[in-house]
file upload_15.txt (compact mmCIF, C-alpha atoms)
# COMPACT_ATOMS: atom_id res chain seq x y z
CA MET A 1 0.00 0.00 0.00
CA THR A 2 1.51 3.31 -1.08
CA TRP A 3 1.75 6.32 1.21
CA PRO A 4 -0.91 8.31 -0.68
CA ARG A 5 -3.32 5.38 -0.32
CA VAL A 6 -2.59 5.09 3.39
CA ILE A 7 -3.36 8.79 3.86
CA ILE A 8 -6.56 8.63 1.78
CA PHE A 9 -7.68 5.50 3.66
CA ALA A 10 -7.00 7.25 6.99
CA VAL A 11 -9.10 10.26 5.95
CA ILE A 12 -11.97 8.02 4.79
CA MET A 13 -11.98 6.10 8.08
CA GLY A 14 -11.76 9.30 10.10
CA VAL A 15 -14.73 10.85 8.28
CA TYR A 16 -16.77 7.64 8.52
CA THR A 17 -16.12 7.28 12.26
CA ALA A 18 -16.98 10.93 12.93
CA LEU A 19 -20.28 10.50 11.11
CA CYS A 20 -21.04 7.39 13.17
CA ALA A 21 -20.29 9.33 16.36
CA LEU A 22 -22.53 12.22 15.28
CA LEU A 23 -25.45 10.29 13.82
CA ALA A 24 -25.63 7.04 15.81
CA PRO A 25 -26.82 7.25 19.45
CA ASP A 26 -24.76 5.98 22.39
CA GLY A 27 -25.22 2.24 22.82
CA ASN A 28 -25.84 1.74 19.09
CA SER A 29 -23.41 -0.65 17.41
CA PHE A 30 -22.56 1.88 14.69
CA HIS A 31 -21.42 4.28 17.42
CA ASP A 32 -19.00 1.74 18.89
CA ILE A 33 -16.26 2.36 16.32
CA ALA A 34 -15.85 5.83 17.83
CA VAL A 35 -15.15 4.55 21.34
CA VAL A 36 -13.56 1.07 21.24
CA MET A 37 -10.54 -0.48 19.61
CA SER A 38 -11.69 -3.76 18.04
CA PRO A 39 -13.50 -2.28 14.99
CA TRP A 40 -10.16 -0.76 13.97
CA VAL A 41 -8.39 -4.13 13.73
CA LEU A 42 -9.68 -4.77 10.19
CA PRO A 43 -8.50 -1.46 8.63
CA ALA A 44 -5.21 -1.76 10.53
CA LEU A 45 -4.61 -5.24 9.11
CA ILE A 46 -5.44 -4.01 5.61
CA VAL A 47 -2.60 -1.50 5.94
CA ILE A 48 -0.16 -3.88 7.63
CA LEU A 49 -0.62 -6.89 5.35
CA ASN A 50 -0.12 -4.76 2.24
CA CYS A 51 3.37 -3.70 3.30
CA LYS A 52 6.62 -5.32 2.16
CA THR A 53 8.57 -5.13 5.42
CA PRO A 54 7.69 -5.05 9.14
CA TRP A 55 9.25 -1.59 9.51
CA GLU A 56 7.12 -0.29 6.66
CA ALA A 57 4.05 -1.82 8.31
CA ALA A 58 4.89 -0.18 11.65
CA ALA A 59 5.41 3.23 10.06
CA LYS A 60 2.32 3.18 7.86
CA VAL A 61 -0.14 1.88 10.46
CA PHE A 62 1.19 4.51 12.88
CA VAL A 63 0.58 7.31 10.36
CA PHE A 64 -2.82 5.81 9.53
CA PHE A 65 -3.93 6.18 13.16
CA LEU A 66 -2.10 9.49 13.61
CA ILE A 67 -4.28 10.99 10.87
CA SER A 68 -7.60 9.19 11.35
CA GLN A 69 -8.05 9.56 15.12
CA PRO A 70 -7.64 13.35 15.52
CA LEU A 71 -9.78 13.77 12.40
CA VAL A 72 -12.64 11.96 14.16
CA TYR A 73 -12.74 14.64 16.85
CA LEU A 74 -11.94 17.55 14.55
CA ILE A 75 -15.03 16.87 12.42
CA GLN A 76 -17.26 16.65 15.51
CA VAL A 77 -16.08 19.93 17.08
CA PRO A 78 -18.47 22.29 15.19
CA PHE A 79 -21.47 20.09 16.04
CA SER A 80 -20.80 19.44 19.72
CA ASP A 81 -21.56 21.56 22.78
CA MET A 82 -18.17 20.45 24.10
CA GLY A 83 -16.37 22.09 21.19
CA TRP A 84 -12.61 21.65 21.35
CA LYS A 85 -12.96 19.92 24.73
CA LEU A 86 -13.84 16.80 22.75
CA PHE A 87 -10.11 16.35 22.33
CA GLY A 88 -10.06 15.42 26.01
CA TYR A 89 -10.88 11.92 24.77
CA TYR A 90 -7.91 11.86 22.39
CA PRO A 91 -5.07 11.02 24.85
CA TYR A 92 -6.42 7.46 25.13
CA TRP A 93 -6.36 7.05 21.35
CA PHE A 94 -2.92 8.66 21.12
CA LYS A 95 -1.59 5.98 23.46
CA LEU A 96 -3.13 3.34 21.19
CA THR A 97 -1.58 5.12 18.20
CA LEU A 98 1.87 4.82 19.76
CA ALA A 99 1.17 1.14 20.50
CA THR A 100 0.54 0.53 16.79
CA ILE A 101 4.29 0.84 16.10
CA PRO A 102 5.31 -2.41 17.89
CA ALA A 103 1.92 -3.98 17.17
CA GLY A 104 2.19 -3.25 13.44
CA PHE A 105 5.74 -4.60 13.34
CA ALA A 106 4.67 -7.86 15.01
CA ALA A 107 1.42 -8.21 13.06
CA TRP A 108 3.28 -8.07 9.74
CA PHE A 109 4.70 -11.53 10.48
CA CYS A 110 1.19 -12.98 10.39
CA LYS A 111 1.45 -13.00 6.60
CA LYS A 112 4.25 -15.57 6.81
CA GLY A 113 1.71 -18.28 7.63
CA ASN A 114 3.96 -20.20 10.05
CA ILE A 115 3.59 -21.20 13.71
CA LEU A 116 4.86 -17.80 14.90
CA SER A 117 2.18 -16.19 12.72
CA ALA A 118 -0.48 -18.33 14.38
CA VAL A 119 0.67 -17.36 17.89
CA ILE A 120 0.84 -13.63 17.06
CA LEU A 121 -2.56 -13.68 15.37
CA SER A 122 -4.09 -15.56 18.32
CA GLY A 123 -2.98 -12.76 20.63
CA GLY A 124 -4.75 -10.20 18.48
CA MET A 125 -7.86 -12.35 18.28
CA ALA A 126 -7.86 -12.61 22.08
CA LEU A 127 -8.18 -8.82 22.35
CA MET A 128 -11.06 -8.88 19.86
CA ALA A 129 -12.74 -11.73 21.76
CA LEU A 130 -12.48 -9.76 24.99
CA GLU A 131 -14.38 -6.80 23.53
CA GLY A 132 -16.72 -9.12 21.61
CA ALA A 133 -17.70 -10.83 24.85
CA GLY A 134 -18.39 -7.44 26.42
CA PHE A 135 -20.71 -6.51 23.57
CA ALA A 136 -22.41 -9.92 23.77
CA LYS A 137 -23.05 -9.36 27.48
CA ARG A 138 -24.47 -5.91 26.73
CA ALA A 139 -26.78 -7.42 24.10
CA PHE A 140 -27.91 -10.08 26.58
CA THR A 141 -28.71 -7.61 29.34
CA SER A 142 -29.96 -4.72 27.18
CA PHE A 143 -31.05 -6.16 23.83
CA PRO A 144 -30.35 -5.17 21.08
CA ASP A 145 -27.56 -2.80 22.18
CA GLY A 146 -24.19 -4.24 21.23
CA LEU A 147 -25.65 -7.14 19.23
CA LEU A 148 -24.32 -6.06 15.84
CA SER A 149 -20.90 -5.22 17.30
CA ALA A 150 -20.71 -8.64 18.97
CA ILE A 151 -21.65 -10.46 15.75
CA VAL A 152 -19.21 -8.49 13.59
CA ILE A 153 -16.25 -8.64 15.99
CA LEU A 154 -16.62 -12.34 16.88
CA GLY A 155 -17.47 -13.20 13.27
CA LEU A 156 -14.27 -11.58 11.99
CA ILE A 157 -12.09 -13.86 14.12
CA PRO A 158 -12.42 -16.98 11.89
CA VAL A 159 -12.27 -14.73 8.81
CA PHE A 160 -8.89 -13.40 9.92
CA ILE A 161 -7.55 -16.84 10.85
CA PHE A 162 -8.51 -18.54 7.58
CA GLY A 163 -7.95 -15.48 5.43
CA ILE A 164 -4.45 -14.62 6.69
CA LEU A 165 -2.90 -17.97 7.62
CA ARG A 166 -2.11 -20.17 4.63
CA THR A 167 -1.01 -23.49 6.11
CA LYS A 168 -3.25 -26.09 7.72
CA ARG A 169 -0.95 -26.43 10.72
CA ALA A 170 -0.93 -22.69 11.42
CA ARG A 171 -4.72 -22.54 11.15
CA ILE A 172 -5.17 -25.46 13.56
CA ILE A 173 -2.82 -23.86 16.11
CA ALA A 174 -4.53 -20.47 15.81
CA CYS A 175 -8.02 -21.97 16.04
CA THR A 176 -7.08 -24.03 19.09
CA LEU A 177 -5.41 -21.17 20.95
CA THR A 178 -8.17 -18.72 20.06
CA ALA A 179 -10.93 -21.18 21.02
CA VAL A 180 -9.37 -21.78 24.45
CA ILE A 181 -8.99 -18.03 25.00
CA ILE A 182 -12.56 -17.29 23.89
CA VAL A 183 -14.03 -19.97 26.17
CA GLY A 184 -12.04 -18.58 29.10
CA ILE A 185 -13.16 -15.01 28.34
CA PHE A 186 -16.82 -15.97 28.03
CA VAL A 187 -16.75 -18.02 31.24
CA TYR A 188 -15.24 -15.06 33.07
CA THR A 189 -17.61 -12.53 31.47
CA PHE A 190 -20.87 -14.44 31.90
CA VAL A 191 -20.20 -16.68 34.92
CA ILE A 192 -17.38 -15.49 37.18
CA ASN A 193 -17.97 -11.79 36.60
CA SER A 194 -21.74 -11.98 36.32
CA ASP A 195 -23.83 -9.72 38.50
CA SER A 196 -27.50 -10.54 38.86
CA GLY A 197 -28.27 -7.00 39.93
CA ARG A 198 -26.53 -5.28 37.03
CA VAL A 199 -28.86 -4.05 34.35
CA SER A 200 -26.71 -2.33 31.79
CA GLU A 201 -23.78 -0.10 31.05
CA ARG A 202 -23.87 2.99 28.86
CA ILE A 203 -21.24 5.33 27.51
CA VAL A 204 -21.82 8.70 29.11
CA ASN A 205 -23.16 11.16 26.56
CA ALA A 206 -20.26 13.36 25.42
CA GLU A 207 -22.56 16.39 25.54
CA TYR A 208 -22.66 16.07 29.34
CA GLY A 209 -19.08 17.30 29.58
CA ILE A 210 -18.02 14.32 31.70
CA THR A 211 -14.75 12.70 30.62
CA VAL A 212 -12.28 10.30 32.19
CA ASP A 213 -10.06 13.24 33.11
CA ASN A 214 -12.75 15.02 35.13
CA MET A 215 -14.77 11.98 36.22
CA ASP A 216 -13.61 12.30 39.84
CA LYS A 217 -15.19 15.78 39.94
CA SER A 218 -18.44 14.63 38.34
CA SER A 219 -21.40 12.71 39.71
CA VAL A 220 -24.51 10.74 38.85
CA GLU A 221 -27.57 10.44 41.11
CA SER A 222 -30.80 8.45 40.94
CA ASP A 223 -34.21 9.50 42.28
CA ASN A 224 -35.14 5.86 42.89
CA GLU A 225 -33.41 4.14 45.83
CA ASN A 226 -33.94 0.74 44.17
CA ILE A 227 -32.06 1.82 41.03
CA THR A 228 -28.49 2.99 41.50
CA ALA A 229 -25.86 4.23 39.08
CA GLU A 230 -22.15 4.94 39.15
CA LEU A 231 -19.53 6.32 36.79
CA TYR A 232 -16.48 4.27 35.90
CA GLU A 233 -13.70 4.15 33.33
CA ASN A 234 -13.36 1.46 30.67
CA ASP A 235 -10.91 1.58 27.75
CA GLY A 236 -10.29 5.27 28.36
CA VAL A 237 -13.99 6.13 28.12
CA CYS A 238 -16.42 7.23 30.83
CA TRP A 239 -19.36 4.84 31.36
CA VAL A 240 -22.34 4.67 33.70
CA ARG A 241 -23.25 1.33 35.31
CA VAL A 242 -26.87 0.85 36.38
CA GLU A 243 -28.05 -1.71 38.94
CA PHE A 244 -31.51 -2.35 40.33
CA LYS A 245 -33.32 -4.27 43.08
CA GLU A 246 -36.78 -4.26 41.56
CA ASN A 247 -38.48 -3.28 38.31
CA GLY A 248 -39.08 0.42 37.87
CA GLU A 249 -38.00 3.77 36.46
CA ALA A 250 -35.48 6.31 37.61
CA HIS A 251 -34.27 9.74 36.55
CA LEU A 252 -30.47 9.74 36.52
CA THR A 253 -28.98 13.20 37.01
CA PHE A 254 -25.43 13.76 35.75
CA GLU A 255 -23.48 16.77 37.01
CA ASN A 256 -20.21 17.82 35.40
CA PRO A 257 -17.43 19.88 37.04
CA LYS A 258 -19.06 23.10 35.77
CA GLY A 259 -22.19 22.35 37.77
CA GLU A 260 -24.24 21.69 34.64
CA LYS A 261 -26.85 18.96 35.10
CA TYR A 262 -28.30 16.56 32.55
CA GLN A 263 -30.93 13.87 32.95
CA MET A 264 -31.58 10.42 31.56
CA LEU A 265 -34.71 8.36 32.16
CA VAL A 266 -34.01 4.64 32.60
CA THR A 267 -36.53 1.80 32.79
CA CYS A 268 -35.25 -1.39 34.39
CA GLU A 269 -36.94 -4.75 34.13
CA LYS A 270 -36.14 -8.37 34.93
CA THR A 271 -37.62 -10.80 32.43
CA ALA A 272 -37.50 -14.55 31.85
CA SER A 273 -34.61 -14.09 29.42
CA GLY A 274 -32.53 -11.83 31.67
CA TYR A 275 -32.28 -8.14 32.49
CA SER A 276 -33.14 -5.22 30.28
CA MET A 277 -32.94 -1.46 30.45
CA GLY A 278 -34.47 1.19 28.26
CA SER A 279 -33.11 4.71 28.35
CA GLU A 280 -34.13 8.15 27.11
CA ASP A 281 -31.83 11.17 27.10
CA LEU A 282 -33.78 14.11 28.59
CA GLY A 283 -31.04 16.66 27.95
CA ARG A 284 -30.04 19.66 30.06
CA LYS A 285 -31.84 20.03 33.39
CA LYS A 286 -33.41 23.44 33.72

call {"tool": "encode", "arguments": {"input": "upload_15.txt", "output": "structure tokens"}}
result
Amino acid sequence: MTWPRVIIFAVIMGVYTALCALLAPDGNSFHDIAVVMSPWVLPALIVILNCKTPWEAAAKVFVFFLISQPLVYLIQVPFSDMGWKLFGYYPYWFKLTLATIPAGFAAWFCKKGNILSAVILSGGMALMALEGAGFAKRAFTSFPDGLLSAIVILGLIPVFIFGILRTKRARIIACTLTAVIIVGIFVYTFVINSDSGRVSERIVNAEYGITVDNMDKSSVESDNENITAELYENDGVCWVRVEFKENGEAHLTFENPKGEKYQMLVTCEKTASGYSMGSEDLGRKK
């Protein structure tokens, strides 16, 4: 892949991701590419596997992310109440951008199709499986949020293994390692780390002005003592976790460091198939 194509590809991905962030609501699978890493594995591999040397792969995938990620926020600035403060989310992605240098170098060897390729690829698939399991859990507890992301991310794993690795032995090793990792992740996610009182998790609306950097100065309150909520950090993004003791509704009030308050109406329900939560953004509290 030539440098001009890498740059054009980076711009296209940046524009597409910004549009997803602007047009798709929080919790929607199309919005996920703006906040999590796994959807970026496919475009990263397209760049890496079309390079002739590992150093070329490291350099080009780094530049790809160096262009695309700031562009995502830059396009959103004119349309967001946060304005330039949106770039408060960028430090997390800049750290990932730096990590693409060694990751791109190592990932290039996947195209060799040998045992080392299988081991390296299995490591990458483990990271995808980890996020895929998280989306699957979200879909189970708050259907259909996260369903499409879970299907796409977990579905790409066998595509990568059989599409990149060329030898039968390498594919068997990669499938075995990845299967063991996936089983372990799903057991941890759905059994060991299960919480019968947890309803759902949502990315905090960026318009609220609550980021990871100022989360310790922010708050979230519920007007229903049976439905509680708390802010927490995951993958460099601020989330709200909702738990409940009985079916019902609650108004969640978010307050940012400026003292501005926003509200969200949540409806929690336990059904025969699990737990579900509906939510409605009520906007700025007057």

call {"tool": "atom_distance", "arguments": {"input": "upload_15.txt", "atom1": "atom CA of Thr176 of chain A", "atom2": "atom CA of Ala118 of chain A"}}
result
9.9 Å

call {"tool": "residues_around", "arguments": {"input": "upload_15.txt", "residues": "segment 103-107 of chain A", "least_positions_apart": "2", "cutoff": "7 Å", "atoms": "only C-alpha atoms", "output": "list in words"}}
result
Ile48, Pro54, Trp55, Ala57, Ala58, Val61, Ala99, Thr100, Ile101, Phe109, Cys110 and Ile120 of chain A

call {"tool": "atom_distance", "arguments": {"input": "upload_15.txt", "atom1": "atom CA of Asp216 of chain A", "atom2": "atom CA of Thr253 of chain A"}}
result
15.7 Å

call {"tool": "residues_around", "arguments": {"input": "upload_15.txt", "residues": "Gln263 of chain A", "least_positions_apart": "3", "cutoff": "10 Å", "atoms": "all atoms listed in the file", "output": "PyMOL selection string"}}
result
chain A and resi 208+220-222+250-255+266+280-286

call {"tool": "closest_residue", "arguments": {"input": "upload_15.txt", "among": "A:Val159, A:Ala206, A:Val152, A:Met128", "to": "Phe79 of chain A", "atoms": "all atoms listed in the file"}}
result
A:Ala206
